[in-house]
$ cat start30.cif   # mmCIF, C-alpha atoms
data_data
loop_
_atom_site.group_PDB
_atom_site.id
_atom_site.type_symbol
_atom_site.label_atom_id
_atom_site.label_comp_id
_atom_site.auth_asym_id
_atom_site.auth_seq_id
_atom_site.Cartn_x
_atom_site.Cartn_y
_atom_site.Cartn_z
ATOM 1 C CA MET A 386 11.910 17.728 -26.785
ATOM 2 C CA GLU A 387 9.489 15.689 -24.690
ATOM 3 C CA GLN A 388 5.803 16.187 -25.473
ATOM 4 C CA LYS A 389 3.812 17.632 -22.552
ATOM 5 C CA THR A 390 0.221 16.675 -21.935
ATOM 6 C CA ASP A 391 -2.270 19.514 -21.517
ATOM 7 C CA TYR A 392 -4.142 18.004 -18.597
ATOM 8 C CA ALA A 393 -6.507 20.968 -18.222
ATOM 9 C CA ALA A 394 -7.658 20.463 -21.829
ATOM 10 C CA LEU A 395 -7.864 16.703 -21.269
ATOM 11 C CA ALA A 396 -10.121 17.163 -18.222
ATOM 12 C CA ALA A 397 -12.260 19.674 -20.139
ATOM 13 C CA GLU A 398 -12.643 17.213 -23.004
ATOM 14 C CA LEU A 399 -13.646 14.471 -20.560
ATOM 15 C CA SER A 400 -16.237 16.813 -19.023
ATOM 16 C CA ALA A 401 -17.657 17.533 -22.471
ATOM 17 C CA LEU A 402 -17.768 13.812 -23.366
ATOM 18 C CA THR A 403 -19.532 12.806 -20.157
ATOM 19 C CA ASP A 404 -21.816 15.800 -19.587
ATOM 20 C CA GLY A 405 -25.370 14.528 -19.209
ATOM 21 C CA VAL A 406 -24.417 10.919 -19.995
ATOM 22 C CA PRO A 407 -25.880 8.635 -17.295
ATOM 23 C CA TYR A 408 -24.074 5.456 -18.410
ATOM 24 C CA GLU A 409 -21.093 4.494 -16.239
ATOM 25 C CA THR A 410 -19.577 1.958 -18.640
ATOM 26 C CA ALA A 411 -19.849 4.320 -21.618
ATOM 27 C CA ASN A 412 -18.251 7.176 -19.674
ATOM 28 C CA LEU A 413 -15.385 4.995 -18.455
ATOM 29 C CA ALA A 414 -14.859 3.554 -21.941
ATOM 30 C CA ASN A 415 -14.624 7.051 -23.420
ATOM 31 C CA ALA A 416 -12.309 8.173 -20.615
ATOM 32 C CA ALA A 417 -9.970 5.216 -21.294
ATOM 33 C CA ALA A 418 -10.059 5.922 -25.042
ATOM 34 C CA LEU A 419 -9.308 9.599 -24.435
ATOM 35 C CA LEU A 420 -6.255 8.760 -22.309
ATOM 36 C CA TRP A 421 -5.117 6.167 -24.856
ATOM 37 C CA GLU A 422 -5.389 8.715 -27.659
ATOM 38 C CA ARG A 423 -3.780 11.673 -25.856
ATOM 39 C CA LEU A 424 -1.038 10.291 -23.603
ATOM 40 C CA PRO A 425 2.254 9.496 -25.304
ATOM 41 C CA GLU A 426 4.328 6.420 -24.461
ATOM 42 C CA ILE A 427 1.652 4.340 -22.742
ATOM 43 C CA ASN A 428 0.640 0.741 -23.385
ATOM 44 C CA TRP A 429 -2.438 0.433 -21.128
ATOM 45 C CA ALA A 430 -5.064 2.814 -19.748
ATOM 46 C CA GLY A 431 -8.167 1.815 -17.907
ATOM 47 C CA PHE A 432 -10.143 1.237 -14.768
ATOM 48 C CA TYR A 433 -10.627 -1.283 -12.015
ATOM 49 C CA LYS A 434 -13.825 -1.043 -9.962
ATOM 50 C CA MET A 435 -14.159 -2.092 -6.326
ATOM 51 C CA GLU A 436 -16.593 -5.002 -6.082
ATOM 52 C CA GLY A 437 -16.897 -7.378 -3.151
ATOM 53 C CA GLY A 438 -13.709 -6.130 -1.503
ATOM 54 C CA LYS A 439 -11.506 -6.564 -4.582
ATOM 55 C CA LEU A 440 -10.731 -4.669 -7.788
ATOM 56 C CA ILE A 441 -12.449 -5.961 -10.926
ATOM 57 C CA LEU A 442 -11.368 -5.053 -14.461
ATOM 58 C CA GLY A 443 -13.428 -2.324 -16.117
ATOM 59 C CA PRO A 444 -13.223 -0.481 -19.442
ATOM 60 C CA PHE A 445 -9.692 -0.109 -20.809
ATOM 61 C CA GLN A 446 -7.476 0.303 -23.862
ATOM 62 C CA GLY A 447 -4.489 -1.993 -24.386
ATOM 63 C CA LYS A 448 -3.713 -5.697 -24.161
ATOM 64 C CA PRO A 449 -5.921 -8.072 -22.162
ATOM 65 C CA ALA A 450 -5.411 -7.517 -18.443
ATOM 66 C CA CYS A 451 -5.711 -9.158 -15.047
ATOM 67 C CA ILE A 452 -9.380 -9.510 -14.147
ATOM 68 C CA VAL A 453 -9.247 -9.553 -10.335
ATOM 69 C CA ILE A 454 -6.747 -7.691 -8.132
ATOM 70 C CA PRO A 455 -6.870 -8.185 -4.369
ATOM 71 C CA ILE A 456 -6.731 -5.039 -2.238
ATOM 72 C CA GLY A 457 -3.153 -4.464 -1.091
ATOM 73 C CA ARG A 458 -1.602 -6.449 -3.977
ATOM 74 C CA GLY A 459 0.277 -4.886 -6.846
ATOM 75 C CA VAL A 460 0.235 -1.202 -7.682
ATOM 76 C CA CYS A 461 -3.556 -1.041 -8.146
ATOM 77 C CA GLY A 462 -4.326 -2.906 -4.936
ATOM 78 C CA THR A 463 -1.841 -0.752 -3.019
ATOM 79 C CA ALA A 464 -3.392 2.471 -4.360
ATOM 80 C CA ALA A 465 -6.804 1.266 -3.199
ATOM 81 C CA ALA A 466 -5.540 0.057 0.196
ATOM 82 C CA GLU A 467 -3.602 3.254 0.924
ATOM 83 C CA ASN A 468 -6.175 5.549 -0.734
ATOM 84 C CA ARG A 469 -3.424 7.475 -2.496
ATOM 85 C CA THR A 470 -1.882 7.728 -5.932
ATOM 86 C CA GLN A 471 0.978 5.352 -6.675
ATOM 87 C CA LEU A 472 3.589 6.747 -9.074
ATOM 88 C CA VAL A 473 5.994 3.917 -9.842
ATOM 89 C CA TYR A 474 9.244 4.746 -11.646
ATOM 90 C CA ASP A 475 10.131 1.087 -12.301
ATOM 91 C CA VAL A 476 7.486 -1.580 -11.691
ATOM 92 C CA HIS A 477 10.141 -4.274 -11.435
ATOM 93 C CA GLU A 478 11.273 -2.660 -8.170
ATOM 94 C CA PHE A 479 7.737 -2.451 -6.726
ATOM 95 C CA PRO A 480 7.178 -5.165 -4.093
ATOM 96 C CA GLY A 481 4.417 -7.528 -5.195
ATOM 97 C CA HIS A 482 3.996 -5.999 -8.662
ATOM 98 C CA ILE A 483 1.455 -7.946 -10.721
ATOM 99 C CA ALA A 484 2.745 -8.259 -14.276
ATOM 100 C CA CYS A 485 -0.300 -8.348 -16.556
ATOM 101 C CA ASP A 486 1.854 -7.186 -19.499
ATOM 102 C CA CYS A 487 5.596 -7.893 -19.400
ATOM 103 C CA ALA A 488 6.166 -4.845 -21.631
ATOM 104 C CA SER A 489 5.081 -2.468 -18.829
ATOM 105 C CA ASN A 490 7.962 -0.797 -17.007
ATOM 106 C CA SER A 491 6.367 2.132 -15.182
ATOM 107 C CA GLU A 492 2.885 2.764 -13.851
ATOM 108 C CA ILE A 493 0.622 5.307 -12.234
ATOM 109 C CA VAL A 494 -2.550 4.405 -10.366
ATOM 110 C CA VAL A 495 -5.001 7.036 -9.128
ATOM 111 C CA PRO A 496 -7.746 6.169 -6.635
ATOM 112 C CA ILE A 497 -11.269 7.192 -7.627
ATOM 113 C CA ARG A 498 -13.571 8.043 -4.736
ATOM 114 C CA VAL A 499 -17.333 8.318 -4.616
ATOM 115 C CA GLY A 500 -18.999 9.469 -1.430
ATOM 116 C CA GLY A 501 -15.637 9.461 0.322
ATOM 117 C CA GLU A 502 -15.124 5.733 -0.360
ATOM 118 C CA ILE A 503 -12.826 4.031 -2.866
ATOM 119 C CA TRP A 504 -14.922 3.387 -5.970
ATOM 120 C CA GLY A 505 -11.956 1.978 -7.891
ATOM 121 C CA VAL A 506 -8.766 3.094 -9.602
ATOM 122 C CA LEU A 507 -7.483 4.607 -12.823
ATOM 123 C CA ASP A 508 -4.467 2.597 -13.990
ATOM 124 C CA ILE A 509 -1.993 3.638 -16.690
ATOM 125 C CA ASP A 510 1.102 1.664 -17.744
ATOM 126 C CA SER A 511 4.059 2.577 -19.901
ATOM 127 C CA PRO A 512 6.834 0.571 -21.549
ATOM 128 C CA LYS A 513 9.215 3.440 -20.621
ATOM 129 C CA ILE A 514 10.898 3.359 -17.205
ATOM 130 C CA GLY A 515 10.269 6.657 -15.418
ATOM 131 C CA ARG A 516 7.478 7.702 -17.802
ATOM 132 C CA PHE A 517 5.264 9.317 -15.154
ATOM 133 C CA THR A 518 6.044 12.521 -13.259
ATOM 134 C CA ASP A 519 4.474 14.657 -10.552
ATOM 135 C CA GLU A 520 2.910 16.692 -13.379
ATOM 136 C CA ASP A 521 1.217 13.514 -14.632
ATOM 137 C CA LYS A 522 0.144 12.699 -11.074
ATOM 138 C CA ASN A 523 -1.491 16.097 -10.585
ATOM 139 C CA GLY A 524 -3.084 16.071 -14.040
ATOM 140 C CA LEU A 525 -4.451 12.537 -13.702
ATOM 141 C CA GLU A 526 -5.788 13.229 -10.220
ATOM 142 C CA HIS A 527 -7.695 16.162 -11.730
ATOM 143 C CA PHE A 528 -8.883 13.902 -14.581
ATOM 144 C CA ALA A 529 -10.123 11.376 -11.990
ATOM 145 C CA SER A 530 -11.933 14.146 -10.099
ATOM 146 C CA VAL A 531 -14.024 14.791 -13.234
ATOM 147 C CA LEU A 532 -15.103 11.150 -13.182
ATOM 148 C CA GLU A 533 -15.824 11.244 -9.446
ATOM 149 C CA LYS A 534 -18.521 13.854 -10.098
ATOM 150 C CA ILE A 535 -20.405 11.619 -12.549
ATOM 151 C CA LEU A 536 -20.043 8.152 -11.021
#
$ encode --input "start30.cif" --output "C-alpha cells"
Amino acid sequence: MEQKTDYAALAAELSALTDGVPYETANLANAAALLWERLPEINWAGFYKMEGGKLILGPFQGKPACIVIPIGRGVCGTAAAENRTQLVYDVHEFPGHIACDCASNSEIVVPIRVGGEIWGVLDIDSPKIGRFTDEDKNGLEHFASVLEKIL
C-alpha cells in the first residue's frame, strides 16, 4: 500500500517551525528539510528565488543543483512564467526540461507569491515516474501558502 502524506500536519509543522522566526534563509532551510524528511520517494526538495528576472538556487536538500534558471525554461522557469503549479508525470517528456540530476524522473513545482508577485518556486523531484498526484499538488500549494505568509 502506498504511503500517503498528511499535508495538513505537514503545513501545521511548518507553521510551528517558522512562527516568529524572522530569518528567510533559516525558514526555507527548515521547510526543505521538513519536505525531505516527510515525503517518500523524492530525491530533491528546495527553493529557487526570483532575483533580477531569473530564478536563483536557494535552500534545498539533495544533490547539488542548477544555480540559475531563466524564466520560461525548464519546469521551474515555466511555473514562474505561467504563475501556476507544474505537475510533471515524466520530466523526459517535458519540453525544455533542465536535467540537474539525471536520476529525476518526475517533478512538481509550486509558485510562491508575495504581494501578488512571483517570489520564487518550491521544486520537488522524484526518481519515480508519476510520483506526484493532484493530492500532492493541493497539499504542496497549501504548504507554500504557509511560507507566503512569512516571506
$ closest_residue --input "start30.cif" --among "A:Ile514, A:Ala418, A:Leu442, A:Ala411" --to "A:Glu398" --atoms "all atoms listed in the file"
A:Ala418
$ closest_residue --input "start30.cif" --among "A:Ala401, A:Ala394, A:Ile441, A:Val406" --to "A:Arg423" --atoms "all atoms listed in the file"
A:Ala394
$ resolve_selection --input "start30.cif" --expression "the PyMOL selection byres ((chain A and resi 470) around 9)" --output "list in words"
Thr463, Ala464, Ala465, Glu467, Asn468, Arg469, Gln471, Leu472, Ile493, Val494, Val495, Pro496, Lys522 and Glu526 of chain A
$ residues_around --input "start30.cif" --residues "A:Trp504" --least-positions-apart "3" --cutoff "8 Å" --atoms "all atoms listed in the file" --output "MDAnalysis selection string"
chainID A and resid 434:435 496:499
$ residues_around --input "start30.cif" --residues "A:Pro512" --least-positions-apart "2" --cutoff "12 Å" --atoms "all atoms listed in the file" --output "PyMOL selection string"
chain A and resi 425-429+447+474-477+486-492+509-510+514-517
$ residues_around --input "start30.cif" --residues "A:Leu532" --least-positions-apart "3" --cutoff "9 Å" --atoms "all atoms listed in the file" --output "list in words"
Leu399, Ser400, Thr403, Asn412, Leu413, Ala416, Ile497, Phe528, Ala529, Ile535 and Leu536 of chain A
$ atom_distance --input "start30.cif" --atom1 "atom CA of A:Ile503" --atom2 "atom CA of A:Lys389"
29.1 Å
$ axis_aligned_box --input "start30.cif" --around "stretch 386-403 of chain A" --padding-each-side "5 Å" --output "lines of an AutoDock Vina configuration file"
center_x = -3.8
center_y = 16.9
center_z = -22.5
size_x = 41.4
size_y = 18.2
size_z = 18.6
$ atom_distance --input "start30.cif" --atom1 "atom CA of A:Pro449" --atom2 "atom CA of A:Tyr392"
26.4 Å
$ closest_residue --input "start30.cif" --among "A:Tyr408, A:Tyr433, A:Trp421, A:Phe445" --to "A:Gly462" --atoms "all atoms listed in the file"
A:Tyr433
$ atom_distance --input "start30.cif" --atom1 "atom CA of A:Cys451" --atom2 "atom CA of A:Asp519"
26.3 Å
$ closest_residue --input "start30.cif" --among "A:Ala417, A:Val506, A:Val453, A:Gly500" --to "A:Ala466" --atoms "only C-alpha atoms"
A:Val506
$ closest_residue --input "start30.cif" --among "A:Pro480, A:Gly431, A:Pro407, A:Gly501" --to "A:Ala450" --atoms "all atoms listed in the file"
A:Gly431
$ closest_residue --input "start30.cif" --among "A:Val460, A:Glu520, A:Lys448, A:Thr410" --to "A:Glu478" --atoms "only C-alpha atoms"
A:Val460
$ resolve_selection --input "start30.cif" --expression "the PyMOL selection byres ((chain A and resi 439) around 7)" --output "list in words"
Met435, Glu436, Gly437, Gly438, Leu440, Ile441, Val453, Ile454, Pro455 and Ile456 of chain A
$ write_last_selection --input "start30.cif" --atoms "C-alpha atoms" --output "PDB file, in the frame of the given file"
ATOM      1  CA  MET A 435     -14.159  -2.092  -6.326  1.00  0.00           C
ATOM      2  CA  GLU A 436     -16.593  -5.002  -6.082  1.00  0.00           C
ATOM      3  CA  GLY A 437     -16.897  -7.378  -3.151  1.00  0.00           C
ATOM      4  CA  GLY A 438     -13.709  -6.130  -1.503  1.00  0.00           C
ATOM      5  CA  LEU A 440     -10.731  -4.669  -7.788  1.00  0.00           C
ATOM      6  CA  ILE A 441     -12.449  -5.961 -10.926  1.00  0.00           C
ATOM      7  CA  VAL A 453      -9.247  -9.553 -10.335  1.00  0.00           C
ATOM      8  CA  ILE A 454      -6.747  -7.691  -8.132  1.00  0.00           C
ATOM      9  CA  PRO A 455      -6.870  -8.185  -4.369  1.00  0.00           C
ATOM     10  CA  ILE A 456      -6.731  -5.039  -2.238  1.00  0.00           C
TER      11      ILE A 456
END
$ decode --input "start30.cif" --residues "stretch 464-498 of chain A" --atoms "C-alpha atoms" --output "PDB file, in the first residue's frame"
ATOM      1  CA  ALA A 464       5.985  27.516 -13.298  1.00  0.00           C
ATOM      2  CA  ALA A 465       7.272  31.040 -12.693  1.00  0.00           C
ATOM      3  CA  ALA A 466       6.390  32.272 -16.199  1.00  0.00           C
ATOM      4  CA  GLU A 467       2.872  30.814 -16.128  1.00  0.00           C
ATOM      5  CA  ASN A 468       2.323  31.537 -12.411  1.00  0.00           C
ATOM      6  CA  ARG A 469       0.867  28.076 -11.883  1.00  0.00           C
ATOM      7  CA  THR A 470       1.909  24.739 -10.458  1.00  0.00           C
ATOM      8  CA  GLN A 471       3.594  22.335 -12.857  1.00  0.00           C
ATOM      9  CA  LEU A 472       2.922  18.658 -12.117  1.00  0.00           C
ATOM     10  CA  VAL A 473       5.112  16.649 -14.473  1.00  0.00           C
ATOM     11  CA  TYR A 474       4.487  12.904 -14.771  1.00  0.00           C
ATOM     12  CA  ASP A 475       7.689  12.251 -16.753  1.00  0.00           C
ATOM     13  CA  VAL A 476      10.294  15.015 -16.993  1.00  0.00           C
ATOM     14  CA  HIS A 477      11.824  13.420 -20.073  1.00  0.00           C
ATOM     15  CA  GLU A 478       8.641  14.335 -21.964  1.00  0.00           C
ATOM     16  CA  PHE A 479       8.624  17.957 -20.738  1.00  0.00           C
ATOM     17  CA  PRO A 480       9.814  20.331 -23.487  1.00  0.00           C
ATOM     18  CA  GLY A 481      12.998  22.103 -22.418  1.00  0.00           C
ATOM     19  CA  HIS A 482      13.441  20.130 -19.186  1.00  0.00           C
ATOM     20  CA  ILE A 483      16.673  21.095 -17.421  1.00  0.00           C
ATOM     21  CA  ALA A 484      18.312  17.951 -16.069  1.00  0.00           C
ATOM     22  CA  CYS A 485      20.192  18.951 -12.916  1.00  0.00           C
ATOM     23  CA  ASP A 486      20.085  15.327 -11.687  1.00  0.00           C
ATOM     24  CA  CYS A 487      19.745  12.545 -14.268  1.00  0.00           C
ATOM     25  CA  ALA A 488      18.079  10.368 -11.608  1.00  0.00           C
ATOM     26  CA  SER A 489      14.997  12.642 -11.537  1.00  0.00           C
ATOM     27  CA  ASN A 490      12.030  11.300 -13.489  1.00  0.00           C
ATOM     28  CA  SER A 491       9.063  13.309 -12.219  1.00  0.00           C
ATOM     29  CA  GLU A 492       8.728  16.771 -10.734  1.00  0.00           C
ATOM     30  CA  ILE A 493       6.346  19.221  -9.147  1.00  0.00           C
ATOM     31  CA  VAL A 494       6.984  22.954  -8.973  1.00  0.00           C
ATOM     32  CA  VAL A 495       4.752  25.310  -6.992  1.00  0.00           C
ATOM     33  CA  PRO A 496       4.963  29.085  -7.441  1.00  0.00           C
ATOM     34  CA  ILE A 497       5.405  31.112  -4.257  1.00  0.00           C
ATOM     35  CA  ARG A 498       3.865  34.577  -4.329  1.00  0.00           C
TER      36      ARG A 498
END
